[in-house]
$ cat run_17.txt   # compact mmCIF, N, CA and C atoms
# COMPACT_ATOMS: atom_id res chain seq x y z
N MET A 1 -10.52 -7.65 5.17
CA MET A 1 -10.50 -9.01 5.65
C MET A 1 -11.87 -9.67 5.52
N LYS A 2 -12.85 -8.98 4.99
CA LYS A 2 -14.19 -9.53 4.85
C LYS A 2 -14.19 -10.81 4.02
N ILE A 3 -13.32 -10.89 3.03
CA ILE A 3 -13.29 -12.08 2.17
C ILE A 3 -12.93 -13.33 2.97
N LEU A 4 -12.18 -13.19 4.04
CA LEU A 4 -11.78 -14.35 4.83
C LEU A 4 -12.89 -14.83 5.75
N THR A 5 -13.99 -14.11 5.83
CA THR A 5 -15.11 -14.53 6.67
C THR A 5 -16.27 -15.05 5.83
N MET A 6 -16.05 -15.29 4.55
CA MET A 6 -17.10 -15.84 3.70
C MET A 6 -17.49 -17.24 4.18
N ASN A 7 -18.66 -17.67 3.75
CA ASN A 7 -19.15 -19.00 4.06
C ASN A 7 -18.19 -20.07 3.52
N LYS A 8 -18.06 -21.17 4.26
CA LYS A 8 -17.13 -22.23 3.86
C LYS A 8 -17.45 -22.82 2.50
N LYS A 9 -18.72 -22.85 2.12
CA LYS A 9 -19.07 -23.44 0.82
C LYS A 9 -18.49 -22.62 -0.33
N TYR A 10 -18.38 -21.30 -0.15
CA TYR A 10 -17.77 -20.47 -1.19
C TYR A 10 -16.28 -20.75 -1.32
N PHE A 11 -15.64 -20.97 -0.18
CA PHE A 11 -14.22 -21.32 -0.22
C PHE A 11 -14.00 -22.67 -0.87
N LYS A 12 -14.93 -23.61 -0.66
CA LYS A 12 -14.83 -24.91 -1.33
C LYS A 12 -14.93 -24.74 -2.84
N LEU A 13 -15.89 -23.93 -3.27
CA LEU A 13 -16.04 -23.68 -4.71
C LEU A 13 -14.79 -23.01 -5.28
N LEU A 14 -14.29 -22.01 -4.57
CA LEU A 14 -13.06 -21.34 -5.02
C LEU A 14 -11.88 -22.30 -5.05
N PHE A 15 -11.80 -23.17 -4.04
CA PHE A 15 -10.71 -24.13 -4.00
C PHE A 15 -10.76 -25.05 -5.22
N PHE A 16 -11.91 -25.64 -5.49
CA PHE A 16 -12.00 -26.57 -6.61
C PHE A 16 -11.77 -25.88 -7.95
N ALA A 17 -12.27 -24.66 -8.10
CA ALA A 17 -12.03 -23.91 -9.33
C ALA A 17 -10.54 -23.61 -9.49
N THR A 18 -9.89 -23.23 -8.41
CA THR A 18 -8.46 -22.94 -8.45
C THR A 18 -7.65 -24.21 -8.70
N ALA A 19 -8.02 -25.31 -8.07
CA ALA A 19 -7.31 -26.58 -8.27
C ALA A 19 -7.41 -27.02 -9.73
N ILE A 20 -8.59 -26.87 -10.32
CA ILE A 20 -8.76 -27.23 -11.74
C ILE A 20 -7.89 -26.33 -12.61
N ALA A 21 -7.90 -25.04 -12.31
CA ALA A 21 -7.07 -24.10 -13.09
C ALA A 21 -5.59 -24.43 -12.95
N VAL A 22 -5.15 -24.74 -11.74
CA VAL A 22 -3.74 -25.10 -11.51
C VAL A 22 -3.38 -26.35 -12.30
N PHE A 23 -4.25 -27.35 -12.27
CA PHE A 23 -3.97 -28.58 -12.99
C PHE A 23 -3.90 -28.33 -14.50
N ILE A 24 -4.83 -27.57 -15.02
CA ILE A 24 -4.82 -27.26 -16.46
C ILE A 24 -3.56 -26.50 -16.84
N LEU A 25 -3.23 -25.46 -16.07
CA LEU A 25 -2.03 -24.67 -16.38
C LEU A 25 -0.76 -25.50 -16.26
N ALA A 26 -0.76 -26.47 -15.34
CA ALA A 26 0.43 -27.29 -15.14
C ALA A 26 0.59 -28.36 -16.21
N THR A 27 -0.49 -28.69 -16.91
CA THR A 27 -0.41 -29.78 -17.88
C THR A 27 -0.53 -29.35 -19.33
N VAL A 28 -0.84 -28.08 -19.58
CA VAL A 28 -0.86 -27.64 -20.98
C VAL A 28 0.58 -27.49 -21.47
N GLY A 29 0.76 -27.59 -22.75
CA GLY A 29 2.09 -27.59 -23.32
C GLY A 29 2.83 -26.27 -23.26
N ASN A 30 2.12 -25.19 -23.21
CA ASN A 30 2.76 -23.88 -23.28
C ASN A 30 2.67 -23.20 -21.91
N ASP A 31 3.76 -22.63 -21.47
CA ASP A 31 3.78 -21.92 -20.19
C ASP A 31 3.19 -20.53 -20.38
N HIS A 32 2.01 -20.29 -19.80
CA HIS A 32 1.30 -19.02 -20.01
C HIS A 32 1.75 -17.92 -19.07
N VAL A 33 2.42 -18.26 -17.99
CA VAL A 33 2.89 -17.26 -17.04
C VAL A 33 4.40 -17.23 -17.14
N ASN A 34 4.92 -16.25 -17.87
CA ASN A 34 6.36 -16.19 -18.11
C ASN A 34 7.03 -15.28 -17.08
N LEU A 35 7.82 -15.88 -16.23
CA LEU A 35 8.66 -15.13 -15.31
C LEU A 35 10.10 -15.37 -15.74
N HIS A 36 10.85 -14.32 -15.85
CA HIS A 36 12.23 -14.45 -16.30
C HIS A 36 13.16 -14.47 -15.09
N HIS A 37 13.17 -15.60 -14.44
CA HIS A 37 13.97 -15.77 -13.25
C HIS A 37 14.41 -17.23 -13.19
N GLN A 38 15.56 -17.46 -12.61
CA GLN A 38 16.11 -18.81 -12.54
C GLN A 38 15.17 -19.78 -11.82
N TYR A 39 14.50 -19.29 -10.80
CA TYR A 39 13.63 -20.15 -10.00
C TYR A 39 12.15 -19.84 -10.24
N ALA A 40 11.81 -19.33 -11.40
CA ALA A 40 10.44 -18.92 -11.70
C ALA A 40 9.45 -20.07 -11.52
N ASP A 41 9.81 -21.26 -11.98
CA ASP A 41 8.91 -22.40 -11.86
C ASP A 41 8.62 -22.73 -10.40
N LYS A 42 9.64 -22.66 -9.57
CA LYS A 42 9.45 -22.96 -8.14
C LYS A 42 8.59 -21.88 -7.47
N ILE A 43 8.78 -20.63 -7.88
CA ILE A 43 7.97 -19.53 -7.34
C ILE A 43 6.51 -19.74 -7.69
N LYS A 44 6.24 -20.19 -8.91
CA LYS A 44 4.85 -20.48 -9.32
C LYS A 44 4.26 -21.60 -8.47
N HIS A 45 5.05 -22.64 -8.22
CA HIS A 45 4.56 -23.76 -7.40
C HIS A 45 4.27 -23.29 -5.98
N ILE A 46 5.18 -22.54 -5.40
CA ILE A 46 4.99 -22.04 -4.03
C ILE A 46 3.74 -21.17 -3.96
N THR A 47 3.56 -20.27 -4.91
CA THR A 47 2.40 -19.38 -4.93
C THR A 47 1.10 -20.16 -5.10
N ALA A 48 1.09 -21.10 -6.04
CA ALA A 48 -0.12 -21.89 -6.29
C ALA A 48 -0.52 -22.69 -5.06
N PHE A 49 0.44 -23.33 -4.41
CA PHE A 49 0.09 -24.19 -3.29
C PHE A 49 -0.14 -23.40 -2.00
N PHE A 50 0.42 -22.21 -1.88
CA PHE A 50 0.05 -21.31 -0.79
C PHE A 50 -1.42 -20.93 -0.93
N THR A 51 -1.81 -20.56 -2.16
CA THR A 51 -3.20 -20.17 -2.44
C THR A 51 -4.16 -21.33 -2.23
N LEU A 52 -3.80 -22.51 -2.75
CA LEU A 52 -4.65 -23.68 -2.54
C LEU A 52 -4.79 -24.01 -1.06
N SER A 53 -3.72 -23.86 -0.31
CA SER A 53 -3.76 -24.12 1.14
C SER A 53 -4.70 -23.14 1.83
N LEU A 54 -4.61 -21.88 1.46
CA LEU A 54 -5.50 -20.86 2.03
C LEU A 54 -6.96 -21.22 1.78
N LEU A 55 -7.29 -21.51 0.54
CA LEU A 55 -8.68 -21.80 0.19
C LEU A 55 -9.18 -23.08 0.86
N LEU A 56 -8.35 -24.11 0.87
CA LEU A 56 -8.76 -25.37 1.48
C LEU A 56 -8.87 -25.23 2.99
N ASN A 57 -7.96 -24.48 3.60
CA ASN A 57 -8.02 -24.27 5.04
C ASN A 57 -9.28 -23.50 5.44
N ARG A 58 -9.65 -22.51 4.65
CA ARG A 58 -10.83 -21.72 4.97
C ARG A 58 -12.12 -22.51 4.76
N SER A 59 -12.07 -23.56 3.97
CA SER A 59 -13.28 -24.37 3.77
C SER A 59 -13.39 -25.49 4.79
N SER A 60 -12.33 -25.80 5.50
CA SER A 60 -12.36 -26.82 6.57
C SER A 60 -11.24 -26.51 7.53
N SER A 61 -11.57 -25.88 8.65
CA SER A 61 -10.53 -25.25 9.45
C SER A 61 -10.20 -25.90 10.78
N THR A 62 -10.61 -27.13 11.03
CA THR A 62 -10.18 -27.75 12.29
C THR A 62 -8.73 -28.20 12.16
N ILE A 63 -8.08 -28.40 13.29
CA ILE A 63 -6.67 -28.77 13.28
C ILE A 63 -6.46 -30.13 12.61
N GLN A 64 -7.41 -31.05 12.80
CA GLN A 64 -7.30 -32.36 12.15
C GLN A 64 -7.40 -32.21 10.63
N HIS A 65 -8.25 -31.31 10.19
CA HIS A 65 -8.40 -31.07 8.76
C HIS A 65 -7.17 -30.40 8.17
N ARG A 66 -6.50 -29.58 8.95
CA ARG A 66 -5.30 -28.91 8.44
C ARG A 66 -4.24 -29.93 8.04
N PHE A 67 -4.03 -30.93 8.86
CA PHE A 67 -3.03 -31.95 8.53
C PHE A 67 -3.49 -32.76 7.32
N ARG A 68 -4.75 -33.15 7.31
CA ARG A 68 -5.30 -33.89 6.17
C ARG A 68 -5.18 -33.09 4.88
N ASN A 69 -5.46 -31.79 4.97
CA ASN A 69 -5.37 -30.91 3.80
C ASN A 69 -3.94 -30.84 3.27
N MET A 70 -2.97 -30.78 4.17
CA MET A 70 -1.57 -30.73 3.75
C MET A 70 -1.20 -31.99 2.97
N ILE A 71 -1.60 -33.14 3.48
CA ILE A 71 -1.31 -34.41 2.80
C ILE A 71 -2.02 -34.46 1.45
N ALA A 72 -3.29 -34.05 1.41
CA ALA A 72 -4.05 -34.08 0.16
C ALA A 72 -3.43 -33.16 -0.88
N LEU A 73 -2.98 -31.99 -0.47
CA LEU A 73 -2.36 -31.06 -1.43
C LEU A 73 -1.01 -31.59 -1.92
N LEU A 74 -0.25 -32.22 -1.05
CA LEU A 74 1.01 -32.83 -1.50
C LEU A 74 0.74 -33.94 -2.51
N PHE A 75 -0.29 -34.71 -2.28
CA PHE A 75 -0.67 -35.76 -3.21
C PHE A 75 -1.10 -35.15 -4.55
N PHE A 76 -1.83 -34.04 -4.50
CA PHE A 76 -2.22 -33.33 -5.72
C PHE A 76 -0.99 -32.87 -6.49
N GLY A 77 -0.01 -32.33 -5.78
CA GLY A 77 1.25 -31.92 -6.43
C GLY A 77 1.97 -33.09 -7.06
N PHE A 78 1.96 -34.23 -6.38
CA PHE A 78 2.55 -35.46 -6.92
C PHE A 78 1.83 -35.87 -8.20
N LEU A 79 0.49 -35.82 -8.20
CA LEU A 79 -0.28 -36.18 -9.39
C LEU A 79 0.03 -35.26 -10.57
N ILE A 80 0.23 -33.99 -10.29
CA ILE A 80 0.60 -33.05 -11.35
C ILE A 80 1.93 -33.46 -11.97
N GLU A 81 2.89 -33.82 -11.14
CA GLU A 81 4.21 -34.22 -11.65
C GLU A 81 4.12 -35.52 -12.45
N VAL A 82 3.30 -36.45 -12.01
CA VAL A 82 3.10 -37.69 -12.76
C VAL A 82 2.48 -37.39 -14.12
N ALA A 83 1.47 -36.51 -14.13
CA ALA A 83 0.83 -36.14 -15.40
C ALA A 83 1.84 -35.46 -16.33
N GLN A 84 2.67 -34.57 -15.78
CA GLN A 84 3.66 -33.88 -16.59
C GLN A 84 4.71 -34.84 -17.16
N TYR A 85 4.97 -35.91 -16.47
CA TYR A 85 5.93 -36.91 -16.94
C TYR A 85 5.49 -37.50 -18.28
N PHE A 86 4.19 -37.65 -18.46
CA PHE A 86 3.65 -38.27 -19.66
C PHE A 86 3.31 -37.26 -20.76
N ILE A 87 3.54 -36.00 -20.52
CA ILE A 87 3.26 -34.96 -21.52
C ILE A 87 4.60 -34.55 -22.12
N PRO A 88 4.80 -34.79 -23.43
CA PRO A 88 6.10 -34.55 -24.06
C PRO A 88 6.59 -33.10 -23.94
N SER A 89 5.69 -32.15 -23.95
CA SER A 89 6.12 -30.75 -23.93
C SER A 89 6.31 -30.21 -22.51
N ARG A 90 6.13 -31.05 -21.49
CA ARG A 90 6.30 -30.63 -20.10
C ARG A 90 7.44 -31.42 -19.46
N ASP A 91 8.03 -30.84 -18.45
CA ASP A 91 9.09 -31.50 -17.70
C ASP A 91 8.57 -31.84 -16.31
N SER A 92 8.79 -33.06 -15.90
CA SER A 92 8.45 -33.48 -14.55
C SER A 92 9.70 -33.30 -13.69
N ASP A 93 9.58 -32.51 -12.66
CA ASP A 93 10.70 -32.23 -11.78
C ASP A 93 10.26 -32.52 -10.35
N TRP A 94 10.92 -33.46 -9.71
CA TRP A 94 10.52 -33.85 -8.37
C TRP A 94 10.80 -32.76 -7.36
N LEU A 95 11.64 -31.80 -7.70
CA LEU A 95 11.84 -30.65 -6.82
C LEU A 95 10.61 -29.76 -6.78
N ASP A 96 9.73 -29.90 -7.79
CA ASP A 96 8.48 -29.15 -7.77
C ASP A 96 7.60 -29.58 -6.60
N ILE A 97 7.67 -30.85 -6.23
CA ILE A 97 6.90 -31.31 -5.07
C ILE A 97 7.44 -30.66 -3.80
N LEU A 98 8.75 -30.48 -3.74
CA LEU A 98 9.34 -29.77 -2.60
C LEU A 98 8.86 -28.32 -2.58
N ALA A 99 8.80 -27.68 -3.75
CA ALA A 99 8.29 -26.31 -3.82
C ALA A 99 6.82 -26.25 -3.40
N ASP A 100 6.05 -27.27 -3.79
CA ASP A 100 4.64 -27.34 -3.36
C ASP A 100 4.57 -27.41 -1.84
N PHE A 101 5.43 -28.24 -1.25
CA PHE A 101 5.46 -28.38 0.21
C PHE A 101 5.85 -27.07 0.88
N VAL A 102 6.79 -26.35 0.29
CA VAL A 102 7.20 -25.05 0.84
C VAL A 102 6.01 -24.09 0.83
N GLY A 103 5.24 -24.06 -0.26
CA GLY A 103 4.06 -23.20 -0.33
C GLY A 103 3.03 -23.57 0.73
N ILE A 104 2.80 -24.86 0.90
CA ILE A 104 1.85 -25.34 1.91
C ILE A 104 2.35 -24.97 3.31
N LEU A 105 3.62 -25.20 3.56
CA LEU A 105 4.21 -24.91 4.87
C LEU A 105 4.22 -23.41 5.16
N LEU A 106 4.52 -22.60 4.17
CA LEU A 106 4.49 -21.15 4.36
C LEU A 106 3.09 -20.68 4.76
N PHE A 107 2.07 -21.24 4.12
CA PHE A 107 0.72 -20.86 4.51
C PHE A 107 0.45 -21.29 5.95
N GLN A 108 0.79 -22.52 6.31
CA GLN A 108 0.50 -23.02 7.65
C GLN A 108 1.22 -22.19 8.72
N ILE A 109 2.45 -21.80 8.45
CA ILE A 109 3.20 -20.96 9.40
C ILE A 109 2.55 -19.59 9.51
N THR A 110 2.21 -19.00 8.37
CA THR A 110 1.57 -17.68 8.36
C THR A 110 0.24 -17.73 9.10
N TYR A 111 -0.57 -18.75 8.80
CA TYR A 111 -1.88 -18.89 9.43
C TYR A 111 -1.74 -19.07 10.94
N SER A 112 -0.82 -19.93 11.36
CA SER A 112 -0.61 -20.15 12.79
C SER A 112 -0.16 -18.88 13.49
N PHE A 113 0.75 -18.15 12.86
CA PHE A 113 1.22 -16.88 13.43
C PHE A 113 0.07 -15.89 13.58
N LEU A 114 -0.77 -15.79 12.56
CA LEU A 114 -1.91 -14.86 12.62
C LEU A 114 -2.91 -15.28 13.70
N LYS A 115 -3.16 -16.59 13.84
CA LYS A 115 -4.09 -17.07 14.87
C LYS A 115 -3.54 -16.79 16.27
N ILE A 116 -2.24 -17.01 16.47
CA ILE A 116 -1.64 -16.74 17.77
C ILE A 116 -1.71 -15.25 18.08
N THR A 117 -1.39 -14.43 17.09
CA THR A 117 -1.45 -12.98 17.27
C THR A 117 -2.87 -12.54 17.59
N GLN A 118 -3.84 -13.07 16.87
CA GLN A 118 -5.24 -12.74 17.10
C GLN A 118 -5.65 -13.14 18.52
N HIS A 119 -5.22 -14.30 18.96
CA HIS A 119 -5.53 -14.77 20.31
C HIS A 119 -4.92 -13.84 21.36
N LEU A 120 -3.66 -13.46 21.17
CA LEU A 120 -3.00 -12.58 22.14
C LEU A 120 -3.65 -11.20 22.18
N ILE A 121 -4.02 -10.67 21.03
CA ILE A 121 -4.70 -9.37 20.99
C ILE A 121 -6.05 -9.46 21.70
N GLY A 122 -6.76 -10.57 21.47
CA GLY A 122 -8.04 -10.78 22.14
C GLY A 122 -7.89 -10.85 23.65
N LYS A 123 -6.82 -11.50 24.12
CA LYS A 123 -6.57 -11.58 25.57
C LYS A 123 -6.27 -10.20 26.14
N CYS A 124 -5.50 -9.39 25.39
CA CYS A 124 -5.17 -8.04 25.86
C CYS A 124 -6.43 -7.17 25.94
N LYS A 125 -7.30 -7.28 24.95
CA LYS A 125 -8.53 -6.48 24.95
C LYS A 125 -9.43 -6.90 26.10
N THR A 126 -9.53 -8.20 26.35
CA THR A 126 -10.35 -8.70 27.45
C THR A 126 -9.78 -8.26 28.78
N LYS A 127 -8.48 -8.30 28.92
CA LYS A 127 -7.82 -7.91 30.16
C LYS A 127 -8.05 -6.44 30.46
N ASN A 128 -8.03 -5.59 29.43
CA ASN A 128 -8.23 -4.16 29.62
C ASN A 128 -9.68 -3.80 29.93
N LYS A 129 -10.64 -4.68 29.67
CA LYS A 129 -12.04 -4.41 29.93
C LYS A 129 -12.48 -4.84 31.33
N GLU A 130 -11.62 -5.55 32.07
CA GLU A 130 -11.98 -6.00 33.40
C GLU A 130 -12.11 -4.80 34.34
N PRO A 131 -13.10 -4.82 35.20
CA PRO A 131 -13.26 -3.69 36.14
C PRO A 131 -12.11 -3.66 37.14
N ILE A 132 -11.74 -2.49 37.54
CA ILE A 132 -10.68 -2.30 38.52
C ILE A 132 -11.28 -2.51 39.90
N THR A 133 -10.74 -3.47 40.66
CA THR A 133 -11.31 -3.78 41.98
C THR A 133 -10.37 -3.44 43.13
N ASN A 134 -9.17 -2.97 42.84
CA ASN A 134 -8.20 -2.69 43.91
C ASN A 134 -8.14 -1.21 44.27
N ILE A 135 -9.26 -0.52 44.26
CA ILE A 135 -9.23 0.92 44.59
C ILE A 135 -9.68 1.13 45.99

$ encode --input "run_17.txt" --output "structure tokens"
Amino acid sequence: MKILTMNKKYFKLLFFATAIAVFILATVGNDHVNLHHQYADKIKHITAFFTLSLLLNRSSSTIQHRFRNMIALLFFGFLIEVAQYFIPSRDSDWLDILADFVGILLFQITYSFLKITQHLIGKCKTKNKEPITNI
């Protein structure tokens, strides 16, 4: 878990590098990641936006930023679909934006669950360290 405690500036760099890579891969004419599954494209969108959410969240982690980040990532997904609309060898599918939202939402649910679990474990550890006074 050491990677999740890196400085926020590194997560910002990783986020922007990943966002650029996602945009390039989404707009080039040839699909470089071949998954042979009916919903392969949606799986790629969910995975990409889960990862982007993780990186963006780790670079700005207040609750207000989390909501802003979700909106910004959805807008990024929308821009990708608009760009794909104008590229003859790509298909623009508005369901891809839904898949992007699912990836973002899955990260937010996972992150919230982990934070709640971490908080509860911390409370249990603190409770067990209190001195016994009823003897």

$ residues_near_point --input "run_17.txt" --point "(1.6, -22.2, 5.8)" --cutoff "12 Å" --atoms "only C-alpha atoms" --output "ChimeraX atom specification"
/A:46-47,49-57,66-67,69-70,100-115

$ residues_near_point --input "run_17.txt" --point "(-11.3, -20.4, -9.2)" --cutoff "12 Å" --atoms "only C-alpha atoms" --output "ChimeraX atom specification"
/A:10-24,48,51-52,55

$ atom_distance --input "run_17.txt" --atom1 "atom CA of Leu95 of chain A" --atom2 "atom CA of Phe78 of chain A"
10.5 Å

$ axis_aligned_box --input "run_17.txt" --around "segment 66-85 of chain A" --padding-each-side "4 Å" --output "JSON"
{"center_x": -0.3, "center_y": -33.3, "center_z": -4.7, "size_x": 20.4, "size_y": 16.8, "size_z": 35.2}

$ atom_distance --input "run_17.txt" --atom1 "atom CA of Leu98 of chain A" --atom2 "atom N of Ala72 of chain A"
13.9 Å

$ closest_residue --input "run_17.txt" --among "A:Gln64, A:Ser89, A:Gln118, A:Ser59" --to "Val28 of chain A" --atoms "all atoms listed in the file"
A:Ser89

$ closest_residue --input "run_17.txt" --among "A:Lys42, A:Thr27, A:Ile97, A:Lys9" --to "Gly77 of chain A" --atoms "all atoms listed in the file"
A:Ile97

$ atom_distance --input "run_17.txt" --atom1 "atom N of Ile71 of chain A" --atom2 "atom CA of Leu120 of chain A"
27.8 Å

$ closest_residue --input "run_17.txt" --among "A:Cys124, A:Leu25, A:Leu73, A:Ala40" --to "Arg90 of chain A" --atoms "only C-alpha atoms"
A:Leu25

$ closest_residue --input "run_17.txt" --among "A:Met6, A:Ile63, A:Ala99, A:Val82" --to "His45 of chain A" --atoms "only C-alpha atoms"
A:Ala99

$ decode --input "run_17.txt" --residues "segment 98-119 of chain A" --atoms "N, CA and C atoms" --output "PDB file, in the first residue's frame"
ATOM      1  N   LEU A  98     -21.850   6.188 -20.096  1.00  0.00           N
ATOM      2  CA  LEU A  98     -22.430   5.454 -18.970  1.00  0.00           C
ATOM      3  C   LEU A  98     -21.391   4.506 -18.368  1.00  0.00           C
ATOM      4  N   ALA A  99     -20.624   3.832 -19.219  1.00  0.00           N
ATOM      5  CA  ALA A  99     -19.561   2.947 -18.726  1.00  0.00           C
ATOM      6  C   ALA A  99     -18.498   3.747 -17.973  1.00  0.00           C
ATOM      7  N   ASP A 100     -18.186   4.944 -18.471  1.00  0.00           N
ATOM      8  CA  ASP A 100     -17.240   5.821 -17.764  1.00  0.00           C
ATOM      9  C   ASP A 100     -17.774   6.143 -16.374  1.00  0.00           C
ATOM     10  N   PHE A 101     -19.067   6.474 -16.302  1.00  0.00           N
ATOM     11  CA  PHE A 101     -19.696   6.795 -15.023  1.00  0.00           C
ATOM     12  C   PHE A 101     -19.666   5.595 -14.077  1.00  0.00           C
ATOM     13  N   VAL A 102     -19.887   4.408 -14.616  1.00  0.00           N
ATOM     14  CA  VAL A 102     -19.835   3.194 -13.787  1.00  0.00           C
ATOM     15  C   VAL A 102     -18.431   3.025 -13.204  1.00  0.00           C
ATOM     16  N   GLY A 103     -17.393   3.243 -14.010  1.00  0.00           N
ATOM     17  CA  GLY A 103     -16.020   3.146 -13.513  1.00  0.00           C
ATOM     18  C   GLY A 103     -15.743   4.160 -12.416  1.00  0.00           C
ATOM     19  N   ILE A 104     -16.202   5.385 -12.620  1.00  0.00           N
ATOM     20  CA  ILE A 104     -16.028   6.446 -11.619  1.00  0.00           C
ATOM     21  C   ILE A 104     -16.773   6.080 -10.339  1.00  0.00           C
ATOM     22  N   LEU A 105     -18.008   5.638 -10.490  1.00  0.00           N
ATOM     23  CA  LEU A 105     -18.834   5.284  -9.340  1.00  0.00           C
ATOM     24  C   LEU A 105     -18.274   4.073  -8.592  1.00  0.00           C
ATOM     25  N   LEU A 106     -17.788   3.082  -9.313  1.00  0.00           N
ATOM     26  CA  LEU A 106     -17.175   1.922  -8.659  1.00  0.00           C
ATOM     27  C   LEU A 106     -15.977   2.334  -7.810  1.00  0.00           C
ATOM     28  N   PHE A 107     -15.168   3.247  -8.335  1.00  0.00           N
ATOM     29  CA  PHE A 107     -14.044   3.716  -7.529  1.00  0.00           C
ATOM     30  C   PHE A 107     -14.551   4.429  -6.287  1.00  0.00           C
ATOM     31  N   GLN A 108     -15.515   5.329  -6.432  1.00  0.00           N
ATOM     32  CA  GLN A 108     -16.004   6.105  -5.294  1.00  0.00           C
ATOM     33  C   GLN A 108     -16.603   5.192  -4.217  1.00  0.00           C
ATOM     34  N   ILE A 109     -17.335   4.175  -4.639  1.00  0.00           N
ATOM     35  CA  ILE A 109     -17.913   3.216  -3.679  1.00  0.00           C
ATOM     36  C   ILE A 109     -16.804   2.440  -2.981  1.00  0.00           C
ATOM     37  N   THR A 110     -15.844   1.959  -3.750  1.00  0.00           N
ATOM     38  CA  THR A 110     -14.723   1.205  -3.184  1.00  0.00           C
ATOM     39  C   THR A 110     -13.934   2.066  -2.209  1.00  0.00           C
ATOM     40  N   TYR A 111     -13.630   3.293  -2.611  1.00  0.00           N
ATOM     41  CA  TYR A 111     -12.862   4.210  -1.768  1.00  0.00           C
ATOM     42  C   TYR A 111     -13.620   4.512  -0.478  1.00  0.00           C
ATOM     43  N   SER A 112     -14.909   4.797  -0.588  1.00  0.00           N
ATOM     44  CA  SER A 112     -15.710   5.096   0.604  1.00  0.00           C
ATOM     45  C   SER A 112     -15.758   3.895   1.544  1.00  0.00           C
ATOM     46  N   PHE A 113     -15.936   2.708   0.987  1.00  0.00           N
ATOM     47  CA  PHE A 113     -15.954   1.486   1.800  1.00  0.00           C
ATOM     48  C   PHE A 113     -14.629   1.300   2.531  1.00  0.00           C
ATOM     49  N   LEU A 114     -13.521   1.506   1.826  1.00  0.00           N
ATOM     50  CA  LEU A 114     -12.201   1.358   2.453  1.00  0.00           C
ATOM     51  C   LEU A 114     -11.975   2.399   3.547  1.00  0.00           C
ATOM     52  N   LYS A 115     -12.417   3.648   3.320  1.00  0.00           N
ATOM     53  CA  LYS A 115     -12.259   4.695   4.329  1.00  0.00           C
ATOM     54  C   LYS A 115     -13.104   4.389   5.574  1.00  0.00           C
ATOM     55  N   ILE A 116     -14.324   3.908   5.371  1.00  0.00           N
ATOM     56  CA  ILE A 116     -15.174   3.560   6.512  1.00  0.00           C
ATOM     57  C   ILE A 116     -14.562   2.401   7.289  1.00  0.00           C
ATOM     58  N   THR A 117     -14.083   1.395   6.568  1.00  0.00           N
ATOM     59  CA  THR A 117     -13.447   0.248   7.210  1.00  0.00           C
ATOM     60  C   THR A 117     -12.213   0.686   7.983  1.00  0.00           C
ATOM     61  N   GLN A 118     -11.396   1.540   7.383  1.00  0.00           N
ATOM     62  CA  GLN A 118     -10.198   2.050   8.041  1.00  0.00           C
ATOM     63  C   GLN A 118     -10.572   2.813   9.312  1.00  0.00           C
ATOM     64  N   HIS A 119     -11.612   3.619   9.234  1.00  0.00           N
ATOM     65  CA  HIS A 119     -12.068   4.382  10.396  1.00  0.00           C
ATOM     66  C   HIS A 119     -12.531   3.444  11.515  1.00  0.00           C
TER      67      HIS A 119
END
